[in-house]
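For reference, my_file.txt is printed below; it contains compact mmCIF, C-alpha atoms and all ligand atoms.
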```
# COMPACT_ATOMS: atom_id res chain seq x y z
CA MET A 1 95.65 28.81 -22.52
CA ARG A 2 95.86 25.23 -23.77
CA TYR A 3 96.06 22.51 -21.16
CA LYS A 4 94.45 19.25 -20.06
CA CYS A 5 91.31 19.67 -18.01
CA CYS A 6 87.67 18.58 -17.98
CA ASP A 7 84.32 20.14 -18.88
CA TYR A 8 82.68 18.91 -15.69
CA LEU A 9 85.18 20.67 -13.45
CA LEU A 10 84.50 23.97 -15.20
CA HIS A 11 80.80 23.78 -15.91
CA GLN A 12 79.03 21.08 -13.95
CA ILE A 13 77.76 21.05 -10.37
CA VAL A 14 76.48 17.93 -8.63
CA PHE A 15 74.21 18.02 -5.59
CA ASP A 16 74.77 14.70 -3.91
CA GLN A 17 73.51 13.26 -0.63
CA THR A 18 75.73 15.29 1.70
CA ASP A 19 78.22 16.99 -0.61
CA ILE A 20 78.41 19.32 -3.58
CA LYS A 21 80.98 18.64 -6.27
CA PRO A 22 81.86 18.80 -9.97
CA CYS A 23 81.20 15.18 -10.90
CA CYS A 24 80.01 11.82 -9.65
CA ALA A 25 82.98 9.66 -10.69
CA THR A 26 81.27 6.69 -9.04
CA SER A 27 81.54 4.54 -12.14
CA MET A 28 85.29 4.83 -11.90
CA ASN A 29 85.02 3.30 -8.49
CA LYS A 30 86.68 6.11 -6.67
CA GLU A 31 85.88 9.20 -4.69
CA SER A 32 85.27 12.42 -6.57
CA ALA A 33 86.34 15.84 -5.42
CA LYS A 34 84.01 17.22 -2.76
CA PHE A 35 84.08 21.00 -2.84
CA ILE A 36 81.44 21.36 -0.13
CA ASP A 37 81.28 18.43 2.28
CA ASN A 38 78.82 17.54 5.06
CA PHE A 39 76.11 19.66 3.52
CA ASN A 40 72.62 19.11 4.90
CA GLY A 41 70.88 22.23 3.74
CA GLY A 42 70.99 25.84 4.82
CA ASP A 43 73.16 28.47 3.20
CA PHE A 44 75.19 27.24 0.23
CA ASP A 45 78.62 28.92 0.29
CA ILE A 46 79.17 29.77 -3.39
CA ASP A 47 82.48 31.51 -2.74
CA GLU A 48 83.92 28.43 -1.05
CA TYR A 49 82.84 26.24 -3.95
CA ILE A 50 84.40 28.59 -6.54
CA LYS A 51 87.60 28.82 -4.48
CA GLN A 52 87.98 25.03 -4.42
CA ARG A 53 87.17 24.75 -8.10
CA ASN A 54 89.79 27.38 -8.98
CA GLN A 55 92.42 25.48 -6.99
CA TYR A 56 91.70 22.36 -9.02
CA ILE A 57 91.81 24.29 -12.30
CA GLU A 58 95.17 25.74 -11.28
CA MET A 59 96.50 22.22 -10.60
CA PHE A 60 95.36 21.06 -14.05
CA LYS A 61 97.04 24.11 -15.63
CA GLN A 62 100.32 23.18 -14.02
CA GLY A 63 99.97 19.59 -15.24
CA ASN A 64 99.56 18.45 -11.66
CA ILE A 65 96.41 16.32 -12.04
CA PRO A 66 94.55 15.92 -8.71
CA ASN A 67 94.59 12.34 -7.40
CA CYS A 68 90.84 11.89 -7.67
CA CYS A 69 90.99 12.89 -11.36
CA LYS A 70 93.88 10.67 -12.46
CA ASP A 71 92.97 8.32 -15.38
CA CYS A 72 89.57 9.96 -15.75
CA PRO A 73 88.19 9.52 -19.31
CA MET A 74 86.75 13.05 -19.18
CA ILE A 75 90.18 14.70 -19.27
CA ARG A 76 91.03 16.30 -22.61
CA GLU A 77 93.30 19.01 -23.95
CA ASP A 78 91.70 22.26 -25.06
CA ASP A 79 91.90 26.06 -24.99
CA TRP A 80 89.73 26.41 -21.89
CA ASP A 81 87.77 29.63 -21.53
CA GLU A 82 88.23 30.70 -17.93
CA LYS A 83 86.41 34.01 -18.35
CA ASN A 84 83.04 32.29 -18.51
CA LEU A 85 83.00 29.85 -15.65
CA TYR A 86 79.24 29.50 -15.46
CA PHE A 87 77.42 26.24 -14.74
CA ASP A 88 75.53 24.67 -17.59
CA ARG A 89 75.00 21.16 -16.20
CA ILE A 90 73.37 20.64 -12.85
CA ILE A 91 73.01 17.14 -11.48
CA MET A 92 70.52 16.50 -8.74
CA ALA A 93 71.22 13.36 -6.71
CA ASN A 94 70.36 14.59 -3.24
CA ILE A 95 67.13 12.60 -3.02
CA ALA A 96 67.57 8.82 -3.09
CA LYS A 97 64.01 7.76 -2.31
CA CYS A 98 62.80 5.27 -4.90
CA SER A 99 60.21 2.50 -4.89
CA CYS A 100 62.24 0.44 -7.35
CA ASN A 101 65.03 -1.78 -6.02
CA CYS A 102 67.56 -2.41 -8.80
CA ILE A 103 70.32 -4.87 -8.00
CA TYR A 104 72.94 -2.41 -9.29
CA CYS A 105 71.63 0.73 -7.56
CA VAL A 106 74.60 2.79 -6.31
CA TYR A 107 72.79 3.65 -3.11
CA THR A 108 72.30 0.10 -1.93
CA TYR A 109 74.78 -2.00 -3.94
CA ASN A 110 77.08 -2.78 -1.04
CA ASN A 111 74.45 -2.67 1.63
CA PRO A 112 70.82 -3.56 0.77
CA GLU A 113 69.74 -2.54 4.26
CA LEU A 114 70.32 1.08 3.28
CA LYS A 115 67.14 0.98 1.17
CA GLN A 116 64.98 1.71 4.18
CA TYR A 117 67.33 4.49 5.28
CA TYR A 118 67.27 6.23 1.89
CA ASN A 119 63.52 5.83 1.49
CA THR A 120 62.87 7.66 4.76
CA LYS A 121 65.81 10.11 4.77
CA LYS A 122 64.95 13.79 4.61
CA SER A 123 67.01 15.51 1.92
CA TYR A 124 68.01 19.14 1.65
CA ASP A 125 66.06 21.52 -0.53
CA ILE A 126 67.78 22.41 -3.78
CA LYS A 127 65.37 25.20 -4.77
CA PRO A 128 66.99 28.07 -2.80
CA ILE A 129 70.42 27.00 -4.13
CA LEU A 130 69.27 27.09 -7.74
CA LYS A 131 67.76 30.53 -7.20
CA LYS A 132 71.00 31.72 -5.58
CA LEU A 133 73.10 30.44 -8.51
CA ARG A 134 70.78 32.17 -10.97
CA ASP A 135 70.79 35.45 -9.00
CA SER A 136 74.60 35.33 -8.83
CA ASN A 137 74.74 35.04 -12.65
CA LEU A 138 76.39 31.66 -12.38
CA LEU A 139 73.92 29.82 -14.58
CA ASN A 140 74.34 29.68 -18.30
CA ASN A 141 71.35 30.59 -20.44
CA ASN A 142 70.86 27.02 -21.58
CA ILE A 143 71.21 24.92 -18.47
CA LEU A 144 70.70 21.20 -18.47
CA LEU A 145 69.23 19.93 -15.21
CA ILE A 146 69.80 16.22 -14.82
CA ILE A 147 67.61 14.52 -12.25
CA GLY A 148 69.36 11.29 -11.33
CA GLY A 149 68.31 8.74 -8.73
CA GLY A 150 66.07 8.58 -6.62
CA GLU A 151 62.83 8.77 -8.40
CA CYS A 152 61.53 12.19 -9.39
CA SER A 153 57.94 11.03 -9.97
CA GLU A 154 57.91 10.25 -6.24
CA PHE A 155 59.26 13.65 -5.12
CA PRO A 156 57.06 15.63 -2.72
CA LYS A 157 54.03 17.15 -4.44
CA GLY A 158 54.93 20.08 -6.69
CA GLU A 159 58.72 19.55 -6.50
CA LEU A 160 59.24 18.10 -9.98
CA GLU A 161 56.86 20.69 -11.44
CA TRP A 162 58.91 23.49 -9.78
CA LEU A 163 62.15 22.10 -11.22
CA ILE A 164 60.61 21.85 -14.69
CA TYR A 165 59.28 25.41 -14.40
CA PHE A 166 62.62 26.78 -13.16
CA THR A 167 64.59 25.06 -15.93
CA SER A 168 62.19 26.07 -18.71
CA PHE A 169 62.05 29.64 -17.41
CA ASN A 170 65.84 29.79 -17.68
CA ASN A 171 65.76 28.49 -21.27
CA GLY A 172 67.03 25.15 -20.11
CA ARG A 173 66.32 21.51 -20.63
CA ILE A 174 65.71 18.74 -18.17
CA GLN A 175 67.09 15.22 -18.32
CA ILE A 176 65.15 12.71 -16.28
CA LEU A 177 66.24 9.25 -15.21
CA SER A 178 63.15 7.42 -14.04
CA SER A 179 62.27 3.92 -12.94
CA GLY A 180 59.07 4.33 -14.98
CA ILE A 181 57.02 2.73 -12.23
CA LYS A 182 54.89 5.74 -11.34
CA TYR A 183 53.32 7.69 -14.20
CA SER A 184 53.96 11.44 -14.12
CA LYS A 185 51.80 13.87 -16.07
CA ALA A 186 54.54 16.50 -15.66
CA ILE A 187 57.04 14.25 -17.45
CA GLU A 188 54.64 13.53 -20.28
CA GLN A 189 53.90 17.25 -20.70
CA ILE A 190 57.51 18.42 -20.71
CA LEU A 191 58.26 15.80 -23.38
CA ARG A 192 55.40 17.21 -25.48
CA TYR A 193 56.92 20.69 -25.07
CA GLY A 194 60.20 19.31 -26.41
CA LYS A 195 62.20 20.45 -23.39
CA ALA A 196 63.17 17.10 -21.91
CA GLU A 197 65.15 13.94 -22.33
CA LEU A 198 63.89 10.88 -20.53
CA SER A 199 65.70 7.62 -19.84
CA ILE A 200 64.04 4.52 -18.43
CA SER A 201 65.94 1.29 -18.01
CA PRO A 202 63.81 -1.88 -17.92
CA ASP A 203 66.96 -3.93 -18.75
CA SER A 204 64.73 -6.79 -19.86
CA GLY A 205 62.04 -7.91 -22.25
CA THR A 206 60.40 -10.45 -19.96
CA LYS A 207 58.66 -10.16 -16.63
CA LYS A 208 60.84 -12.83 -15.04
CA THR A 209 64.13 -11.07 -15.79
CA PHE A 210 62.66 -7.67 -14.92
CA GLU A 211 61.71 -8.89 -11.47
CA LYS A 212 65.13 -10.47 -10.97
CA ILE A 213 66.85 -7.15 -11.71
CA LYS A 214 64.38 -4.64 -10.30
CA ARG A 215 63.16 -6.73 -7.38
CA VAL A 216 59.68 -5.21 -7.66
CA LYS A 217 56.57 -6.31 -9.55
CA ALA A 218 55.99 -3.55 -12.08
CA PHE A 219 56.92 -4.96 -15.50
CA GLU A 220 53.61 -4.21 -17.29
CA GLN A 221 53.27 -0.86 -15.54
CA VAL A 222 56.72 0.30 -16.70
CA TRP A 223 56.06 -0.66 -20.34
CA GLU A 224 52.64 0.99 -20.18
CA ASN A 225 54.17 4.24 -18.90
CA LEU A 226 56.96 3.95 -21.47
CA THR A 227 54.31 3.77 -24.20
CA ARG A 228 52.74 7.04 -23.01
CA TYR A 229 56.09 8.83 -22.70
CA ILE A 230 57.38 7.60 -26.07
CA ASN A 231 54.12 8.71 -27.73
CA ALA A 232 54.58 12.15 -26.17
CA ALA A 233 58.25 12.37 -27.19
CA ASN A 234 57.42 11.34 -30.75
CA THR A 235 55.17 14.41 -31.13
CA ASN A 236 58.11 16.82 -30.78
CA LYS A 237 61.44 16.50 -32.55
CA ASN A 238 63.17 18.33 -29.69
CA ALA A 239 62.15 15.74 -27.12
CA MET A 240 63.95 12.48 -26.55
CA ALA A 241 62.82 9.39 -24.68
CA GLU A 242 65.25 6.50 -24.60
CA ILE A 243 64.88 2.95 -23.38
CA LYS A 244 67.92 1.57 -21.72
CA TYR A 245 69.31 -1.94 -21.48
CA ILE A 246 72.06 -2.38 -18.93
CA ILE A 247 73.79 -5.66 -19.71
CA ILE A 248 74.28 -7.57 -16.48
CA PRO A 249 76.49 -10.63 -16.97
CA ASN A 250 74.78 -13.93 -16.08
CA ILE A 251 71.39 -12.26 -15.73
CA ASN A 252 70.27 -10.63 -18.97
CA ASP A 253 73.24 -11.23 -21.31
CA ASN A 254 71.41 -13.60 -23.62
CA ILE A 255 69.94 -13.09 -27.07
CA SER A 256 66.50 -14.37 -26.17
CA GLU A 257 66.07 -11.63 -23.54
CA VAL A 258 67.49 -8.96 -25.86
CA LYS A 259 65.18 -10.14 -28.65
CA SER A 260 62.09 -9.76 -26.42
CA PHE A 261 63.35 -6.34 -25.33
CA LEU A 262 63.90 -5.13 -28.91
CA ASN A 263 60.47 -6.39 -29.98
CA LYS A 264 58.82 -4.46 -27.16
CA CYS A 265 60.76 -1.30 -28.06
CA LYS A 266 59.72 -1.57 -31.71
CA LYS A 267 56.10 -2.22 -30.77
CA ILE A 268 55.83 1.09 -28.90
CA ASN A 269 57.68 2.98 -31.63
CA CYS A 270 60.78 3.77 -29.60
CA LYS A 271 63.40 5.81 -31.50
CA ASN A 272 66.32 5.74 -29.07
CA LEU A 273 68.07 2.86 -27.37
CA HIS A 274 70.83 3.20 -24.83
CA ILE A 275 73.05 0.24 -24.13
CA ASP A 276 75.31 0.00 -21.14
CA VAL A 277 77.12 -2.56 -19.02
CA GLU A 278 76.54 -2.85 -15.29
CA HIS A 279 79.08 -0.38 -13.88
CA HIS A 280 80.28 -2.34 -10.83
CA TRP A 281 81.00 -5.34 -13.05
CA TYR A 282 82.56 -3.09 -15.69
CA ALA A 283 84.92 -1.46 -13.17
CA GLU A 284 86.32 -4.90 -12.34
CA ASN A 285 86.52 -6.19 -15.92
CA LYS A 286 87.23 -3.22 -18.17
CA ASN A 287 90.85 -4.22 -18.76
CA LYS A 288 89.89 -7.68 -19.96
CA PRO A 289 88.73 -8.46 -23.51
CA VAL A 290 85.02 -7.87 -24.12
CA PRO A 291 83.21 -11.18 -23.38
CA GLU A 292 81.87 -13.03 -26.45
CA LYS A 293 78.31 -12.88 -25.07
CA ILE A 294 78.43 -9.08 -24.92
CA LYS A 295 79.92 -8.88 -28.43
CA THR A 296 77.09 -11.07 -29.72
CA ILE A 297 74.48 -8.86 -28.04
CA ILE A 298 75.90 -5.63 -29.48
CA LYS A 299 76.06 -7.19 -32.96
CA TYR A 300 72.52 -8.50 -32.64
CA ILE A 301 71.19 -5.10 -31.57
CA ASN A 302 72.94 -3.33 -34.43
CA GLN A 303 71.58 -5.82 -36.96
CA ASN A 304 68.03 -5.66 -35.63
CA LYS A 305 67.60 -2.08 -34.42
CA GLN A 306 65.84 -0.99 -37.64
CA ASP A 307 65.47 2.82 -37.44
CA MET A 308 66.28 3.09 -33.72
CA TYR A 309 69.34 5.12 -32.79
CA VAL A 310 71.74 3.29 -30.44
CA SER A 311 74.01 5.08 -27.96
CA TYR A 312 76.41 3.90 -25.25
CA SER A 313 77.37 5.60 -21.99
CA VAL A 314 80.47 7.81 -21.86
CA GLU A 315 82.25 5.39 -19.53
CA THR A 316 81.70 2.22 -21.54
CA ASN A 317 81.64 3.81 -25.00
CA ASN A 318 85.16 2.85 -26.09
CA TRP A 319 84.85 -0.63 -24.70
CA LEU A 320 81.46 -1.39 -26.30
CA ASN A 321 82.47 0.27 -29.56
CA GLN A 322 85.13 -2.42 -29.99
CA CYS A 323 82.26 -4.83 -30.63
CA ASN A 324 81.17 -2.84 -33.67
CA GLY A 325 84.54 -3.25 -35.32
CA ASP A 326 84.46 -7.05 -35.19
S1 LIG A 401 87.15 13.08 -11.79
FE1 LIG A 401 87.08 13.38 -13.99
S2 LIG A 401 85.09 14.30 -14.38
FE2 LIG A 401 85.53 14.56 -12.21
S3 LIG A 401 86.48 16.58 -12.06
FE3 LIG A 401 88.12 15.06 -12.22
S4 LIG A 401 88.59 14.98 -14.41
FE4 LIG A 401 86.59 15.95 -14.19
S1 LIG A 402 65.56 3.26 -10.40
FE1 LIG A 402 67.53 4.25 -9.98
S2 LIG A 402 67.37 5.03 -7.87
FE2 LIG A 402 65.71 3.55 -8.16
S3 LIG A 402 66.55 1.62 -7.39
FE3 LIG A 402 66.92 1.68 -9.61
S4 LIG A 402 68.99 2.55 -9.85
FE4 LIG A 402 68.28 2.99 -7.74
```
Output the structure of this file as structure tokens.
Ligand code: SF4
Ligand code: SF4
Amino acid sequence: MRYKCCDYLLHQIVFDQTDIKPCCATSMNKESAKFIDNFNGGDFDIDEYIKQRNQYIEMFKQGNIPNCCKDCPMIREDDWDEKNLYFDRIIMANIAKCSCNCIYCVYTYNNPELKQYYNTKKSYDIKPILKKLRDSNLLNNNILLIIGGGECSEFPKGELEWLIYFTSFNNGRIQILSSGIKYSKAIEQILRYGKAELSISPDSGTKKTFEKIKRVKAFEQVWENLTRYINAANTNKNAMAEIKYIIIPNINDNISEVKSFLNKCKKINCKNLHIDVEHHWYAENKNKPVPEKIKTIIKYINQNKQDMYVSYSVETNNWLNQCNGD
């Protein structure tokens, strides 16, 4: 049946701090659907999750878009296959511990004092849930496990290795967002095996700007680790390691910073760049024209990227793409 719906509702599952849901939706500045709320570990009720998901699908079918989904850019019309409602994207965001301290971090953006709370909070264990989903035949053969923030290289000993093993064993891939501060042998190895995508976001080409954004002293360390990861990724065409630049108005939206950043990327033979705009700022400004400074940056990157591939995030893609047409 053809109707408007979204891939994430059908095939994605997000393990957040205390809830389990189909998407994050945080960049849209609103609450997402929570199919299991107040979850702190223990038995994961699959039937309840599926029941809630089916109710949402039914609403979409009837053209009655749930409030939390209205205006979502992920909605599209298609012939949705409801016979195969497996999960193929799993997002892990239940652990927020991270030794970096980015000014835009979703965990602490409105309340910096939460840093201490998140760094000491005990999170629930996702391993039994993943096994349960697999044993209930709810995982597709080619799952993508996305490890979002916190910082997976700082997970308890053996945890990241278990997740890599589980994903590879189930013919899957792993997508890792890392601060890049702590080197992980497991990350380097999985890149060499061609089973991973890594994204690290220094957002700067100079130490001064890095420290302003990240609020930690680790500029050289991050670029050193990036060099090792990019070298590993470049040995296998199925691996991908991208370096990200989140444009933050009034902080790093100048050509001199971008120039230093691009030079560093070229020096370590990076093949993939990802450009984004700080999401809190974007949510407040997306209906305004793209600022001239951002247009200039996008143009500069496109003219100087050489053989690097440039991508934008799903949320800001249309907005940033306008700059390419000018
Ligand atoms: S908010 Fe968007 S991505 Fe999330 S379930 Fe609704 S339509 Fe899908
Ligand atoms: S690296 Fe990610 S989790 Fe860590 S502070 Fe930055 S945005 Fe937050």
_For region 123-138 of chain A: contacts at 12 Å, only C-alpha atoms, fewer than 4 positions along chain excluded, given as a PyMOL selection string_ = chain A and resi 10-20+38-47+49-50+83-97+117-119+142-143+145+147+150+155-156+158-167+169-170
*Within 8 Å of ligand LIG 401 (chain A), counting only C-alpha atoms and all ligand atoms: which residues, as a ChimeraX atom specification?*
/A:5-9,22-25,32-33,66,68-75
Return as a JSON list (two decimals) with C-alpha atoms, in the coordinates of the input every polymer residue, whether protein, DNA or RNA, with at least one atom no more than 12 Å from an atom of ligand LIG 402 (chain A); count only C-alpha atoms and all ligand atoms.
```json
[["chain", "number", "residue", "atom", "x", "y", "z"],
["A", 92, "MET", "CA", 70.52, 16.50, -8.74],
["A", 93, "ALA", "CA", 71.22, 13.36, -6.71],
["A", 94, "ASN", "CA", 70.36, 14.59, -3.24],
["A", 95, "ILE", "CA", 67.13, 12.60, -3.02],
["A", 96, "ALA", "CA", 67.57, 8.82, -3.09],
["A", 97, "LYS", "CA", 64.01, 7.76, -2.31],
["A", 98, "CYS", "CA", 62.80, 5.27, -4.90],
["A", 99, "SER", "CA", 60.21, 2.50, -4.89],
["A", 100, "CYS", "CA", 62.24, 0.44, -7.35],
["A", 101, "ASN", "CA", 65.03, -1.78, -6.02],
["A", 102, "CYS", "CA", 67.56, -2.41, -8.80],
["A", 103, "ILE", "CA", 70.32, -4.87, -8.00],
["A", 104, "TYR", "CA", 72.94, -2.41, -9.29],
["A", 105, "CYS", "CA", 71.63, 0.73, -7.56],
["A", 106, "VAL", "CA", 74.60, 2.79, -6.31],
["A", 107, "TYR", "CA", 72.79, 3.65, -3.11],
["A", 108, "THR", "CA", 72.30, 0.10, -1.93],
["A", 109, "TYR", "CA", 74.78, -2.00, -3.94],
["A", 112, "PRO", "CA", 70.82, -3.56, 0.77],
["A", 114, "LEU", "CA", 70.32, 1.08, 3.28],
["A", 115, "LYS", "CA", 67.14, 0.98, 1.17],
["A", 116, "GLN", "CA", 64.98, 1.71, 4.18],
["A", 118, "TYR", "CA", 67.27, 6.23, 1.89],
["A", 119, "ASN", "CA", 63.52, 5.83, 1.49],
["A", 147, "ILE", "CA", 67.61, 14.52, -12.25],
["A", 148, "GLY", "CA", 69.36, 11.29, -11.33],
["A", 149, "GLY", "CA", 68.31, 8.74, -8.73],
["A", 150, "GLY", "CA", 66.07, 8.58, -6.62],
["A", 151, "GLU", "CA", 62.83, 8.77, -8.40],
["A", 152, "CYS", "CA", 61.53, 12.19, -9.39],
["A", 153, "SER", "CA", 57.94, 11.03, -9.97],
["A", 154, "GLU", "CA", 57.91, 10.25, -6.24],
["A", 176, "ILE", "CA", 65.15, 12.71, -16.28],
["A", 177, "LEU", "CA", 66.24, 9.25, -15.21],
["A", 178, "SER", "CA", 63.15, 7.42, -14.04],
["A", 179, "SER", "CA", 62.27, 3.92, -12.94],
["A", 180, "GLY", "CA", 59.07, 4.33, -14.98],
["A", 181, "ILE", "CA", 57.02, 2.73, -12.23],
["A", 182, "LYS", "CA", 54.89, 5.74, -11.34],
["A", 199, "SER", "CA", 65.70, 7.62, -19.84],
["A", 200, "ILE", "CA", 64.04, 4.52, -18.43],
["A", 201, "SER", "CA", 65.94, 1.29, -18.01],
["A", 202, "PRO", "CA", 63.81, -1.88, -17.92],
["A", 203, "ASP", "CA", 66.96, -3.93, -18.75],
["A", 210, "PHE", "CA", 62.66, -7.67, -14.92],
["A", 211, "GLU", "CA", 61.71, -8.89, -11.47],
["A", 213, "ILE", "CA", 66.85, -7.15, -11.71],
["A", 214, "LYS", "CA", 64.38, -4.64, -10.30],
["A", 215, "ARG", "CA", 63.16, -6.73, -7.38],
["A", 216, "VAL", "CA", 59.68, -5.21, -7.66],
["A", 218, "ALA", "CA", 55.99, -3.55, -12.08],
["A", 222, "VAL", "CA", 56.72, 0.30, -16.70],
["A", 244, "LYS", "CA", 67.92, 1.57, -21.72],
["A", 246, "ILE", "CA", 72.06, -2.38, -18.93],
["A", 278, "GLU", "CA", 76.54, -2.85, -15.29],
["A", 279, "HIS", "CA", 79.08, -0.38, -13.88]]
```
*From the list A:Tyr245, A:Lys259, A:Lys293, A:Asn302, which residue is nearest Asp276 (chain A) when using only C-alpha atoms?*
A:Tyr245
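Reported to one decimal place, the separation of CA of Ser204 (chain A) from CA of Phe261 (chain A) is 5.7 Å.
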*Do a neighbour search on Tyr309 (chain A) at 7 Å with only C-alpha atoms, toss out local chain neighbours closer than 2 positions, and write the hits as a VMD selection string.*
chain A and resid 271 to 273 307 311
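CA of Asn250 (chain A) sits 11.5 Å away from CA of Pro291 (chain A).
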_Give me, as a PyMOL selection string, all polymer residues having an atom no more than 8 Å from Phe60 (chain A), counting only C-alpha atoms and skipping those fewer than 3 positions away in the same chain._
chain A and resi 3-5+56-57+63-66
Saved selection, atoms kept: C-alpha atoms, as a PDB file, in the frame of the given file:
```
ATOM      1  CA  TYR A   3      96.060  22.510 -21.160  1.00  0.00           C
ATOM      2  CA  LYS A   4      94.450  19.250 -20.060  1.00  0.00           C
ATOM      3  CA  CYS A   5      91.310  19.670 -18.010  1.00  0.00           C
ATOM      4  CA  TYR A  56      91.700  22.360  -9.020  1.00  0.00           C
ATOM      5  CA  ILE A  57      91.810  24.290 -12.300  1.00  0.00           C
ATOM      6  CA  GLY A  63      99.970  19.590 -15.240  1.00  0.00           C
ATOM      7  CA  ASN A  64      99.560  18.450 -11.660  1.00  0.00           C
ATOM      8  CA  ILE A  65      96.410  16.320 -12.040  1.00  0.00           C
ATOM      9  CA  PRO A  66      94.550  15.920  -8.710  1.00  0.00           C
TER      10      PRO A  66
END
```
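Computed from the coordinates, the CA of Glu58 (chain A) to CA of Glu82 (chain A) distance equals 10.8 Å.
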*How would you write as an NGL selection string the residues that get within 8 Å of (58.7, -7.5, -20.1) in the file's frame, counting only C-alpha atoms?*
:A and (202 or 204-210 or 219-220 or 223 or 260-261 or 264)
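Considering the residues A:Ala239, A:Arg2, A:Ile190, A:Ile230 and counting all atoms listed in the file, Lys61 (chain A) has its shortest atom-to-atom contact with A:Arg2.
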